[in-house]
Amino acid sequence: MARIPASHPHPSRRRFLAVAAAAAGLPLLPFGSADAATDGALVTWRGVALGAVATLQVHHPDRATAERLVRAAVAETARLEAIFSLYRTDSVLSELNRTGVVIAPPTELVDLLAACDAMVRATGGVFDPTVQPLWACHAAHFSARGRDAGPPPADALRDALARVGWDKVRFGRDRVAFATRGMALTLNGIAQGFVTDRVVARLRDAGLAHAMVDMGEIFALGDHPGGRPWQAALERSATRAPDVVPLVDRAVATSAAAGFAFDADGRCNHLFDPRTGRCAAPARRITVVAATATTADALSTAFSLMDDAVMAETARRSAVELYPWRGE
């Protein structure tokens, strides 16, 4: 995935997870295709969701039913994107960031903010969706001075940090509002997992027993129809074969500082520490396997900013598996 210029409002990360194509026995469709490819009971779709490549592999005895489920999943993803997207100016999140308040918010936004609140508590505040002002600070700095400028000046970081803090977000079924002017949320560290979980719930409610869902993060619904676990490949580097993680009713997510960088050496990247305004170490890359994609997504983000001891203890308390990697 090409890096997005620093002026772009959406901090995209290069994803280091890939569904092993051999798990389904078929190649995926070309990028951006909106059609389904079928082989017996298998329907495979590939497209884009929340700015990332998305894939869906559904197994069902009836081909027409499988195709209908895929269409419904894609439609649900598009509906949720209209709520959570940071780069769409017409999304509910963009409206909240512009005005500081949303009256009668969509149920899904309130549910996701409740999930954010749980992750803030679980990580001692290291996961914090209010870091968007730090992104804006870095984007403005590097856009004006170039990739070799070095970090933003201390006074600019202090100003951005004054507008960061989950305790300044008020949310409920009637309204969502910021307590401080100039605040902004990014849900990029959790929304893809949340959308993946919503799609999985729809498929499960429809009685589906076997599916691999990747709407930005990966969830394996049941096992592979061949009676073995689904497999997700962790792409370590161009010189090493990927590590394969077996999945059955589990989710996997990776956060990597190298996914997007403002500067040439990667020290100023998209993973911001809400406590200091600093960024994750350039080589930091963490994969988390969890019961839900929402949890895996959020914790992989937070773990990128923790020291090893705190990360290990948080992972133990959260009942998740860790796959840390810091370079060759």
# chains A, B, ... in the order shown; residues from 1 in each chain; ligands from 1

$ select_by_dssp --residues "segment 18-216 of chain A" --states "helix (DSSP H, G or I)" --output "PyMOL selection string"
chain A and resi 21-23+63-84+92-99+107-122+129-145+154-161+166-168+191-205

$ select_by_dssp --residues "segment 116-183 of chain A" --states "strand (DSSP E)" --output "tab-separated table (two decimals) with N, CA, C and O atoms, in the first residue's frame"
chain	number	residue	atom	x	y	z
A	169	VAL	N	-14.41	13.37	26.51
A	169	VAL	CA	-15.45	12.93	25.57
A	169	VAL	C	-16.69	12.54	26.37
A	169	VAL	O	-16.61	11.75	27.32
A	170	ARG	N	-17.82	13.10	26.01
A	170	ARG	CA	-19.11	12.78	26.63
A	170	ARG	C	-19.96	12.05	25.59
A	170	ARG	O	-20.18	12.56	24.50
A	171	PHE	N	-20.44	10.86	25.93
A	171	PHE	CA	-21.27	10.16	24.95
A	171	PHE	C	-22.39	9.40	25.64
A	171	PHE	O	-22.27	8.93	26.77
A	175	ARG	N	-26.58	12.09	22.74
A	175	ARG	CA	-25.60	12.97	22.10
A	175	ARG	C	-24.19	12.49	22.37
A	175	ARG	O	-23.93	11.76	23.32
A	176	VAL	N	-23.27	12.93	21.49
A	176	VAL	CA	-21.83	12.76	21.69
A	176	VAL	C	-21.23	14.15	21.59
A	176	VAL	O	-21.55	14.92	20.67
A	177	ALA	N	-20.38	14.52	22.54
A	177	ALA	CA	-19.84	15.88	22.55
A	177	ALA	C	-18.44	15.89	23.14
A	177	ALA	O	-18.07	15.05	23.95
A	178	PHE	N	-17.67	16.90	22.71
A	178	PHE	CA	-16.34	17.14	23.27
A	178	PHE	C	-16.43	18.23	24.33
A	178	PHE	O	-17.15	19.22	24.17

$ atom_distance --atom1 "atom CA of Ala140 of chain A" --atom2 "atom CA of Asn188 of chain A"
19.3 Å

$ closest_residue --among "A:Leu86, A:Arg278, A:Ala73, A:His59" --to "Gly226 of chain A" --atoms "only C-alpha atoms"
A:His59

$ closest_residue --among "A:Pro129, A:Gly222, A:Leu134, A:Val43" --to "Arg63 of chain A" --atoms "only C-alpha atoms"
A:Val43

$ atom_distance --atom1 "atom CA of Gln231 of chain A" --atom2 "atom CA of Thr287 of chain A"
14.3 Å

$ atom_distance --atom1 "atom CA of Asp117 of chain A" --atom2 "atom CA of Trp166 of chain A"
8.0 Å

$ residues_around --residues "Val248 of chain A" --least-positions-apart "6" --cutoff "6 Å" --atoms "only C-alpha atoms" --output "PyMOL selection string"
chain A and resi 220+222-223+229

$ decode --residues "segment 277-291 of chain A" --atoms "N, CA and C atoms" --output "PDB file, in the first residue's frame"
ATOM      1  N   GLY A 277       2.747  12.435  23.488  1.00  0.00           N
ATOM      2  CA  GLY A 277       2.740  12.976  22.135  1.00  0.00           C
ATOM      3  C   GLY A 277       3.775  12.348  21.234  1.00  0.00           C
ATOM      4  N   ARG A 278       4.599  11.481  21.794  1.00  0.00           N
ATOM      5  CA  ARG A 278       5.620  10.812  20.989  1.00  0.00           C
ATOM      6  C   ARG A 278       5.013   9.643  20.223  1.00  0.00           C
ATOM      7  N   CYS A 279       5.803   9.124  19.276  1.00  0.00           N
ATOM      8  CA  CYS A 279       5.324   8.029  18.425  1.00  0.00           C
ATOM      9  C   CYS A 279       5.990   6.711  18.810  1.00  0.00           C
ATOM     10  N   ALA A 280       5.415   5.613  18.336  1.00  0.00           N
ATOM     11  CA  ALA A 280       5.977   4.293  18.599  1.00  0.00           C
ATOM     12  C   ALA A 280       7.343   4.164  17.942  1.00  0.00           C
ATOM     13  N   ALA A 281       8.180   3.286  18.494  1.00  0.00           N
ATOM     14  CA  ALA A 281       9.496   3.014  17.904  1.00  0.00           C
ATOM     15  C   ALA A 281       9.328   2.523  16.474  1.00  0.00           C
ATOM     16  N   PRO A 282      10.182   2.968  15.553  1.00  0.00           N
ATOM     17  CA  PRO A 282       9.976   2.665  14.122  1.00  0.00           C
ATOM     18  C   PRO A 282       9.836   1.184  13.794  1.00  0.00           C
ATOM     19  N   ALA A 283      10.567   0.319  14.487  1.00  0.00           N
ATOM     20  CA  ALA A 283      10.530  -1.106  14.170  1.00  0.00           C
ATOM     21  C   ALA A 283       9.441  -1.866  14.922  1.00  0.00           C
ATOM     22  N   ARG A 284       8.685  -1.176  15.731  1.00  0.00           N
ATOM     23  CA  ARG A 284       7.684  -1.833  16.571  1.00  0.00           C
ATOM     24  C   ARG A 284       6.558  -2.392  15.714  1.00  0.00           C
ATOM     25  N   ARG A 285       6.260  -3.658  15.934  1.00  0.00           N
ATOM     26  CA  ARG A 285       5.169  -4.309  15.207  1.00  0.00           C
ATOM     27  C   ARG A 285       4.588  -5.372  16.126  1.00  0.00           C
ATOM     28  N   ILE A 286       3.302  -5.304  16.385  1.00  0.00           N
ATOM     29  CA  ILE A 286       2.657  -6.199  17.343  1.00  0.00           C
ATOM     30  C   ILE A 286       1.429  -6.838  16.700  1.00  0.00           C
ATOM     31  N   THR A 287       1.335  -8.141  16.808  1.00  0.00           N
ATOM     32  CA  THR A 287       0.153  -8.876  16.379  1.00  0.00           C
ATOM     33  C   THR A 287      -0.546  -9.455  17.599  1.00  0.00           C
ATOM     34  N   VAL A 288      -1.868  -9.347  17.614  1.00  0.00           N
ATOM     35  CA  VAL A 288      -2.679  -9.833  18.732  1.00  0.00           C
ATOM     36  C   VAL A 288      -3.746 -10.781  18.201  1.00  0.00           C
ATOM     37  N   VAL A 289      -3.904 -11.909  18.863  1.00  0.00           N
ATOM     38  CA  VAL A 289      -5.005 -12.834  18.582  1.00  0.00           C
ATOM     39  C   VAL A 289      -5.961 -12.780  19.765  1.00  0.00           C
ATOM     40  N   ALA A 290      -7.247 -12.546  19.490  1.00  0.00           N
ATOM     41  CA  ALA A 290      -8.223 -12.331  20.553  1.00  0.00           C
ATOM     42  C   ALA A 290      -9.564 -12.927  20.164  1.00  0.00           C
ATOM     43  N   ALA A 291     -10.494 -12.900  21.112  1.00  0.00           N
ATOM     44  CA  ALA A 291     -11.827 -13.458  20.878  1.00  0.00           C
ATOM     45  C   ALA A 291     -12.646 -12.603  19.921  1.00  0.00           C
TER      46      ALA A 291
END
